[in-house]
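**Q** Contents of entry_38.txt (compact mmCIF, C-alpha atoms) are given next:
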# COMPACT_ATOMS: atom_id res chain seq x y z
CA MET A 21 152.96 118.84 -42.85
CA ARG A 22 152.50 117.80 -46.48
CA THR A 23 150.32 114.84 -47.45
CA LEU A 24 152.10 111.97 -49.21
CA ILE A 25 149.74 110.21 -51.63
CA SER A 26 150.46 106.88 -53.26
CA THR A 27 148.55 106.42 -56.52
CA ALA A 28 148.46 103.08 -58.29
CA PHE A 29 146.81 100.90 -60.86
CA ILE A 30 146.54 97.63 -58.97
CA SER A 31 145.21 94.17 -59.74
CA LEU A 32 142.83 92.52 -57.31
CA ASP A 33 145.72 90.38 -56.06
CA GLY A 34 147.93 93.42 -55.40
CA VAL A 35 150.20 93.53 -58.47
CA VAL A 36 151.32 96.96 -59.72
CA GLU A 37 154.03 95.88 -62.17
CA GLY A 38 153.87 96.78 -65.88
CA PRO A 39 150.45 98.41 -66.09
CA GLY A 40 151.28 100.49 -69.15
CA GLY A 41 153.19 98.02 -71.31
CA GLU A 42 156.64 98.32 -69.76
CA PRO A 43 158.98 95.60 -71.06
CA GLY A 44 160.12 92.64 -69.01
CA TYR A 45 156.90 91.65 -67.28
CA ARG A 46 154.84 88.73 -68.54
CA ASN A 47 151.47 90.49 -68.16
CA SER A 48 152.70 93.94 -69.19
CA GLY A 49 149.97 96.29 -70.37
CA TRP A 50 147.25 94.69 -68.24
CA THR A 51 145.43 98.00 -67.70
CA PHE A 52 144.31 98.18 -71.31
CA LYS A 53 144.26 94.57 -72.50
CA ASP A 54 140.79 93.01 -72.33
CA ILE A 55 139.47 95.91 -70.23
CA GLU A 56 136.91 98.21 -71.82
CA PHE A 57 137.99 101.84 -71.46
CA ASP A 58 135.72 103.96 -69.28
CA PRO A 59 136.96 107.57 -69.04
CA ALA A 60 135.01 108.13 -65.81
CA ALA A 61 137.28 105.64 -64.03
CA PHE A 62 140.33 107.77 -64.84
CA GLU A 63 138.92 111.11 -63.65
CA ILE A 64 141.04 110.77 -60.52
CA LYS A 65 144.23 110.86 -62.62
CA GLY A 66 143.45 114.38 -63.87
CA ARG A 67 142.41 115.47 -60.40
CA GLU A 68 145.72 114.23 -58.99
CA GLN A 69 147.62 116.54 -61.33
CA GLN A 70 145.48 119.50 -60.31
CA GLU A 71 145.67 118.84 -56.57
CA SER A 72 149.33 117.81 -56.24
CA SER A 73 152.13 120.28 -55.72
CA ALA A 74 155.06 117.87 -56.25
CA MET A 75 155.84 114.37 -57.50
CA LEU A 76 157.94 111.70 -55.79
CA LEU A 77 159.43 108.78 -57.71
CA GLY A 78 161.85 105.95 -57.19
CA ARG A 79 164.82 105.70 -59.54
CA VAL A 80 163.38 102.94 -61.74
CA SER A 81 160.08 104.77 -62.29
CA TYR A 82 161.90 108.06 -62.87
CA GLN A 83 164.03 106.43 -65.55
CA ALA A 84 160.91 104.93 -67.18
CA PHE A 85 158.73 108.07 -67.05
CA SER A 86 161.25 110.90 -67.61
CA PRO A 87 161.97 110.12 -71.29
CA VAL A 88 158.22 110.03 -72.08
CA TRP A 89 156.03 112.07 -69.71
CA PRO A 90 157.59 115.53 -70.32
CA ASP A 91 156.22 115.58 -73.89
CA MET A 92 152.81 113.99 -73.19
CA ASP A 93 149.77 116.27 -73.05
CA ASP A 94 148.13 113.85 -70.59
CA PHE A 95 150.82 114.73 -68.03
CA ALA A 96 151.34 118.42 -68.83
CA ASP A 97 150.60 119.60 -65.28
CA TYR A 98 153.39 117.41 -63.90
CA LYS A 99 155.97 119.11 -66.09
CA LYS A 100 155.86 122.36 -64.14
CA MET A 101 155.78 120.92 -60.62
CA PRO A 102 158.90 119.97 -58.64
CA LYS A 103 159.92 116.33 -58.80
CA TYR A 104 161.84 114.35 -56.20
CA VAL A 105 163.61 111.08 -56.97
CA VAL A 106 164.63 108.77 -54.14
CA SER A 107 167.83 107.01 -55.12
CA THR A 108 171.22 106.15 -53.68
CA THR A 109 172.75 105.67 -57.13
CA LEU A 110 171.26 108.30 -59.46
CA ALA A 111 173.57 111.19 -60.33
CA GLU A 112 172.62 114.75 -61.25
CA SER A 113 173.90 114.00 -64.77
CA ASP A 114 171.25 111.24 -65.06
CA LEU A 115 168.38 113.75 -64.76
CA VAL A 116 166.51 114.89 -67.86
CA THR A 117 166.58 118.60 -68.61
CA ASN A 118 163.11 119.03 -70.12
CA TRP A 119 160.92 118.07 -67.15
CA GLY A 120 161.38 120.95 -64.74
CA GLU A 121 162.99 121.08 -61.34
CA THR A 122 164.14 117.67 -60.07
CA THR A 123 165.85 116.97 -56.76
CA ILE A 124 167.50 113.70 -55.76
CA LEU A 125 166.72 112.47 -52.24
CA ARG A 126 169.09 109.88 -50.81
CA SER A 127 167.04 108.36 -47.97
CA LEU A 128 163.65 107.91 -46.34
CA ASP A 129 164.81 110.49 -43.79
CA ASP A 130 165.04 112.96 -46.68
CA VAL A 131 161.45 112.09 -47.65
CA ALA A 132 160.31 112.59 -44.04
CA ALA A 133 162.04 115.99 -44.03
CA LEU A 134 160.34 116.90 -47.34
CA LYS A 135 156.96 116.11 -45.78
CA GLU A 136 157.73 118.66 -43.05
CA THR A 137 158.16 121.52 -45.57
CA ASP A 138 155.46 123.96 -46.62
CA GLY A 139 153.41 123.09 -49.67
CA GLY A 140 150.60 120.93 -50.92
CA PRO A 141 150.27 117.18 -51.46
CA ILE A 142 153.06 115.09 -52.95
CA ILE A 143 151.98 112.32 -55.34
CA ILE A 144 153.92 109.05 -55.80
CA HIS A 145 153.56 107.30 -59.18
CA GLY A 146 154.81 103.78 -59.92
CA SER A 147 157.79 103.10 -57.69
CA ALA A 148 156.74 99.76 -56.16
CA SER A 149 159.88 99.33 -54.03
CA LEU A 150 159.75 102.92 -52.82
CA ASN A 151 156.05 102.57 -51.97
CA GLN A 152 156.80 99.49 -49.88
CA SER A 153 159.58 101.25 -47.99
CA LEU A 154 157.52 104.40 -47.42
CA SER A 155 154.52 102.39 -46.24
CA ASP A 156 156.63 100.29 -43.89
CA ALA A 157 158.12 103.51 -42.46
CA GLY A 158 154.65 105.01 -41.93
CA LEU A 159 155.25 107.90 -44.33
CA ILE A 160 152.29 107.43 -46.71
CA ASP A 161 149.16 109.38 -45.74
CA ARG A 162 146.72 108.40 -48.49
CA TYR A 163 146.23 105.78 -51.20
CA HIS A 164 144.49 106.41 -54.53
CA LEU A 165 143.88 102.94 -55.94
CA LEU A 166 142.28 102.01 -59.26
CA VAL A 167 141.62 98.31 -58.72
CA PHE A 168 141.38 96.22 -61.89
CA PRO A 169 139.30 93.03 -61.93
CA LEU A 170 142.28 90.85 -62.71
CA LEU A 171 144.40 88.26 -60.96
CA LEU A 172 147.95 88.53 -62.30
CA GLY A 173 149.78 86.18 -59.98
CA ALA A 174 153.48 86.98 -60.00
CA GLY A 175 154.66 90.57 -60.17
CA LYS A 176 155.76 93.52 -58.05
CA ARG A 177 153.31 94.29 -55.28
CA LEU A 178 152.31 97.65 -53.85
CA PHE A 179 152.63 96.43 -50.27
CA SER A 180 155.54 94.58 -48.69
CA THR A 181 155.27 91.34 -46.80
CA THR A 182 157.17 92.78 -43.83
CA ASP A 183 155.80 91.66 -40.48
CA LYS A 184 154.46 94.82 -38.86
CA ASP A 185 151.70 96.12 -36.64
CA THR A 186 148.27 96.62 -38.18
CA ARG A 187 147.85 99.93 -39.98
CA LYS A 188 144.25 101.07 -40.25
CA LEU A 189 142.82 102.76 -43.32
CA LYS A 190 139.66 104.85 -43.69
CA LEU A 191 137.80 104.70 -46.99
CA ILE A 192 137.03 108.32 -47.93
CA GLU A 193 135.97 107.88 -51.56
CA SER A 194 134.94 104.95 -53.71
CA GLU A 195 133.19 104.20 -56.95
CA SER A 196 132.63 101.19 -59.19
CA TYR A 197 132.56 101.39 -62.97
CA SER A 198 130.83 99.41 -65.71
CA ASN A 199 134.11 97.82 -66.81
CA GLY A 200 134.70 96.34 -63.35
CA LEU A 201 137.27 98.89 -62.15
CA GLN A 202 136.93 100.24 -58.64
CA LYS A 203 138.28 103.53 -57.33
CA ASN A 204 139.22 103.36 -53.66
CA VAL A 205 140.72 106.33 -51.82
CA PHE A 206 141.97 105.55 -48.32
CA ASP A 207 143.42 107.80 -45.65
CA VAL A 208 145.97 106.12 -43.40
CA ILE A 209 144.90 106.35 -39.78
CA GLN A 210 147.97 106.99 -37.66
Kindly return the structure encoded in the file as structure tokens.
**A**
Amino acid sequence: MRTLISTAFISLDGVVEGPGGEPGYRNSGWTFKDIEFDPAAFEIKGREQQESSAMLLGRVSYQAFSPVWPDMDDFADYKKMPKYVVSTTLAESDLVTNWGETTILRSLDDVAALKETDGGPIIIHGSASLNQSLSDAGLIDRYHLLVFPLLLGAGKRLFSTTDKDTRKLKLIESESYSNGLQKNVFDVIQ
């Protein structure tokens, strides 16, 4: 079974919306505004590219990343790995042609089936709504969280507010940085 890893920049109050300057969110760009850059805090981002064998995205994140990431040196390792986009509305003609193999999955059942295939870890970037659905369905195995010392208030959250049984997490890696960021890696205990 493949490991499904959710990776996120997240504020202390759980917001994941607009970390990189995406339009339409009041606090867009919060990961680099008023936060001193510490390259050590982002080591995990390079490691994720090296350790992942595939990427999973929701439609909105795919449409935001696919015009930009294929040509960015910072994300070169993602270009060659298979990508999966979970969407009920995306068509094959909507896929970019310069980012390698991309497959559209139509349901969470398709994601569950993908997890049953051979291969290494699958990383999920962005995709707040997809993350919530996958978490609620018990499909996420690990969280890589870079927690920013900010309270953003309104905004898309990583976790849903669905009433559900407690899901336990085990902290397997953590570190604090001089700029106030915290890296927390949790395994989901099933």
**Q** Neighbourhood query: residues within 6 Å of (169.8, 111.8, -54.9), file coordinates, counting only C-alpha atoms; return as JSON, numbers by chain.
**A** {"A": [107, 108, 110, 124, 125, 126]}
**Q** Go ahead and compute the interatomic distance for atom CA of A:Pro59 and atom CA of A:Lys176, in Å to one decimal.
**A**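 Atom-to-atom, atom CA of A:Pro59 and atom CA of A:Lys176 are spaced 25.9 Å apart.
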**Q** Which residues, written as a list in words, have at least one atom at most 10 Å from A:Ser194, with all atoms listed in the file counted and residues fewer than 2 positions away on the same chain left out?
**A**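 Everything that qualifies: His164, Leu165, Leu166, Leu191, Ile192, Ser196, Gln202, Lys203, Asn204, Val205 and Phe206 of chain A.
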**Q** Contacts of stretch 138-150 of chain A at 7 Å or less, counting only C-alpha atoms, minus same-chain residues fewer than 3 places along, as a list in words?
**A**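 So, after excluding close chain neighbours, the residues are Met21, Arg22, Thr23, Leu24, Ile25, Ser26, Thr27, Ala28, Ser72, Ser73, Ala74, Met75, Leu76, Leu77, Gly78, Val80, Ser81, Ser153, Leu154, Lys176, Arg177 and Leu178 of chain A.
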**Q** Residues within 9 Å of stretch 41-55 of chain A, please, as an NGL selection string. Count only C-alpha atoms; anything in the same chain fewer than 2 positions from it doesn't count.
**A** :A and (29-31 or 37-39 or 57-58 or 84 or 168-170 or 172 or 174-175 or 199-201)
**Q** Given the point (158.8, 122.3, -73.0) in the file's coordinates, find the residues that have an atom at most 8 Å from it, counting all atoms listed in the file, and give them as a list of chain:residue names.
**A**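 Returned residue set, sorted by chain then number, is A:Pro90, A:Asp91, A:Asn118, A:Trp119.
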**Q** Could you write out that same residue set with C-alpha atoms as a PDB file, in the frame of the given file?
**A**
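Now in part_21.pdb:
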ATOM      1  CA  PRO A  90     157.590 115.530 -70.320  1.00  0.00           C
ATOM      2  CA  ASP A  91     156.220 115.580 -73.890  1.00  0.00           C
ATOM      3  CA  ASN A 118     163.110 119.030 -70.120  1.00  0.00           C
ATOM      4  CA  TRP A 119     160.920 118.070 -67.150  1.00  0.00           C
TER       5      TRP A 119
END
**Q** Please return the centre and edge lengths, in Å to one decimal, of a box with edges along x, y and z that contains all listed atoms of stretch 173-186 of chain A, widened by 8 Å on every side, as JSON.
**A**
{"center_x": 152.7, "center_y": 91.9, "center_z": -48.4, "size_x": 24.9, "size_y": 27.5, "size_z": 39.5}
**Q** So, with only C-alpha atoms as the atoms that count, which of A:Thr123, A:Tyr98, A:Gly158, A:Tyr197 lies closest to A:Glu63?
**A** A:Tyr197
**Q** Give the answer as one residue: which of A:Val116, A:Leu128, A:Leu134, A:Ala60 has the shortest atom-to-atom distance to A:Phe85, using only C-alpha atoms?
**A**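 Once distances to A:Phe85 are computed over only C-alpha atoms, the minimum belongs to A:Val116.
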**Q** Which value, in Å to one decimal, gives the distance between atom CA of A:Thr181 and atom CA of A:Asp33?
**A**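 These atoms are spaced 13.3 Å apart.
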**Q** Quick one: pull the distance between atom CA of A:Asn151 and atom CA of A:Tyr104, Å, one decimal.
**A**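 Computed distance, atom CA of A:Asn151 to atom CA of A:Tyr104, equals 13.8 Å.
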**Q** Could I get stretch 57-68 of chain A rebuilt with all heavy atoms, written as a CSV table (one decimal), keeping the file's coordinate frame?
**A**
chain,number,residue,atom,x,y,z
A,57,PHE,N,137.6,100.5,-72.0
A,57,PHE,CA,138.0,101.8,-71.5
A,57,PHE,C,136.7,102.6,-71.0
A,57,PHE,O,135.8,102.7,-71.8
A,57,PHE,CB,138.7,102.6,-72.5
A,57,PHE,CG,139.2,104.0,-72.0
A,57,PHE,CD1,140.2,104.1,-71.1
A,57,PHE,CD2,138.5,105.1,-72.5
A,57,PHE,CE1,140.6,105.4,-70.7
A,57,PHE,CE2,138.9,106.4,-72.1
A,57,PHE,CZ,139.9,106.5,-71.1
A,58,ASP,N,136.8,103.1,-69.8
A,58,ASP,CA,135.7,104.0,-69.3
A,58,ASP,C,136.4,105.2,-68.7
A,58,ASP,O,137.1,105.2,-67.7
A,58,ASP,CB,135.0,103.2,-68.2
A,58,ASP,CG,133.8,104.1,-67.6
A,58,ASP,OD1,133.7,105.3,-67.9
A,58,ASP,OD2,133.0,103.5,-66.9
A,59,PRO,N,136.3,106.3,-69.5
A,59,PRO,CA,137.0,107.6,-69.0
A,59,PRO,C,136.6,108.0,-67.6
A,59,PRO,O,137.4,108.6,-66.9
A,59,PRO,CB,136.5,108.6,-70.1
A,59,PRO,CG,135.5,108.0,-70.9
A,59,PRO,CD,135.4,106.6,-70.7
A,60,ALA,N,135.4,107.7,-67.2
A,60,ALA,CA,135.0,108.1,-65.8
A,60,ALA,C,135.9,107.5,-64.7
A,60,ALA,O,136.2,108.1,-63.7
A,60,ALA,CB,133.6,107.7,-65.5
A,61,ALA,N,136.4,106.3,-65.0
A,61,ALA,CA,137.3,105.6,-64.0
A,61,ALA,C,138.6,106.4,-63.9
A,61,ALA,O,139.3,106.2,-62.8
A,61,ALA,CB,137.5,104.2,-64.4
A,62,PHE,N,139.0,107.1,-64.9
A,62,PHE,CA,140.3,107.8,-64.8
A,62,PHE,C,140.3,109.3,-64.5
A,62,PHE,O,141.3,109.9,-64.5
A,62,PHE,CB,141.0,107.6,-66.2
A,62,PHE,CG,141.3,106.1,-66.5
A,62,PHE,CD1,140.4,105.3,-67.1
A,62,PHE,CD2,142.5,105.5,-66.0
A,62,PHE,CE1,140.6,104.0,-67.4
A,62,PHE,CE2,142.7,104.2,-66.2
A,62,PHE,CZ,141.8,103.4,-66.9
A,63,GLU,N,139.1,109.7,-64.1
A,63,GLU,CA,138.9,111.1,-63.6
A,63,GLU,C,139.9,111.5,-62.5
A,63,GLU,O,140.5,112.6,-62.5
A,63,GLU,CB,137.5,111.3,-63.2
A,63,GLU,CG,137.2,112.7,-62.5
A,63,GLU,CD,137.5,112.7,-61.0
A,63,GLU,OE1,137.5,111.6,-60.4
A,63,GLU,OE2,137.8,113.8,-60.5
A,64,ILE,N,140.1,110.5,-61.7
A,64,ILE,CA,141.0,110.8,-60.5
A,64,ILE,C,142.5,111.1,-61.0
A,64,ILE,O,143.2,111.8,-60.3
A,64,ILE,CB,141.0,109.6,-59.5
A,64,ILE,CG1,141.7,110.0,-58.2
A,64,ILE,CG2,141.7,108.4,-60.1
A,64,ILE,CD1,141.5,109.1,-57.1
A,65,LYS,N,142.9,110.6,-62.1
A,65,LYS,CA,144.2,110.9,-62.6
A,65,LYS,C,144.4,112.3,-63.0
A,65,LYS,O,145.4,112.9,-62.7
A,65,LYS,CB,144.5,110.0,-63.8
A,65,LYS,CG,144.5,108.5,-63.6
A,65,LYS,CD,145.1,108.2,-62.3
A,65,LYS,CE,146.1,107.2,-62.0
A,65,LYS,NZ,146.7,107.3,-60.7
A,66,GLY,N,143.4,112.9,-63.6
A,66,GLY,CA,143.4,114.4,-63.9
A,66,GLY,C,143.4,115.2,-62.6
A,66,GLY,O,144.1,116.2,-62.5
A,67,ARG,N,142.5,114.8,-61.7
A,67,ARG,CA,142.4,115.5,-60.4
A,67,ARG,C,143.7,115.4,-59.6
A,67,ARG,O,144.1,116.4,-59.0
A,67,ARG,CB,141.3,114.8,-59.6
A,67,ARG,CG,140.9,115.6,-58.4
A,67,ARG,CD,139.7,115.1,-57.7
A,67,ARG,NE,139.2,113.8,-58.0
A,67,ARG,CZ,138.9,112.9,-57.0
A,67,ARG,NH1,139.1,113.2,-55.8
A,67,ARG,NH2,138.4,111.8,-57.4
A,68,GLU,N,144.4,114.3,-59.7
A,68,GLU,CA,145.7,114.2,-59.0
A,68,GLU,C,146.7,115.3,-59.5
A,68,GLU,O,147.4,115.9,-58.7
A,68,GLU,CB,146.3,112.8,-59.2
A,68,GLU,CG,145.6,111.8,-58.4
A,68,GLU,CD,146.1,110.4,-58.8
A,68,GLU,OE1,146.8,110.2,-59.8
A,68,GLU,OE2,145.7,109.4,-58.1
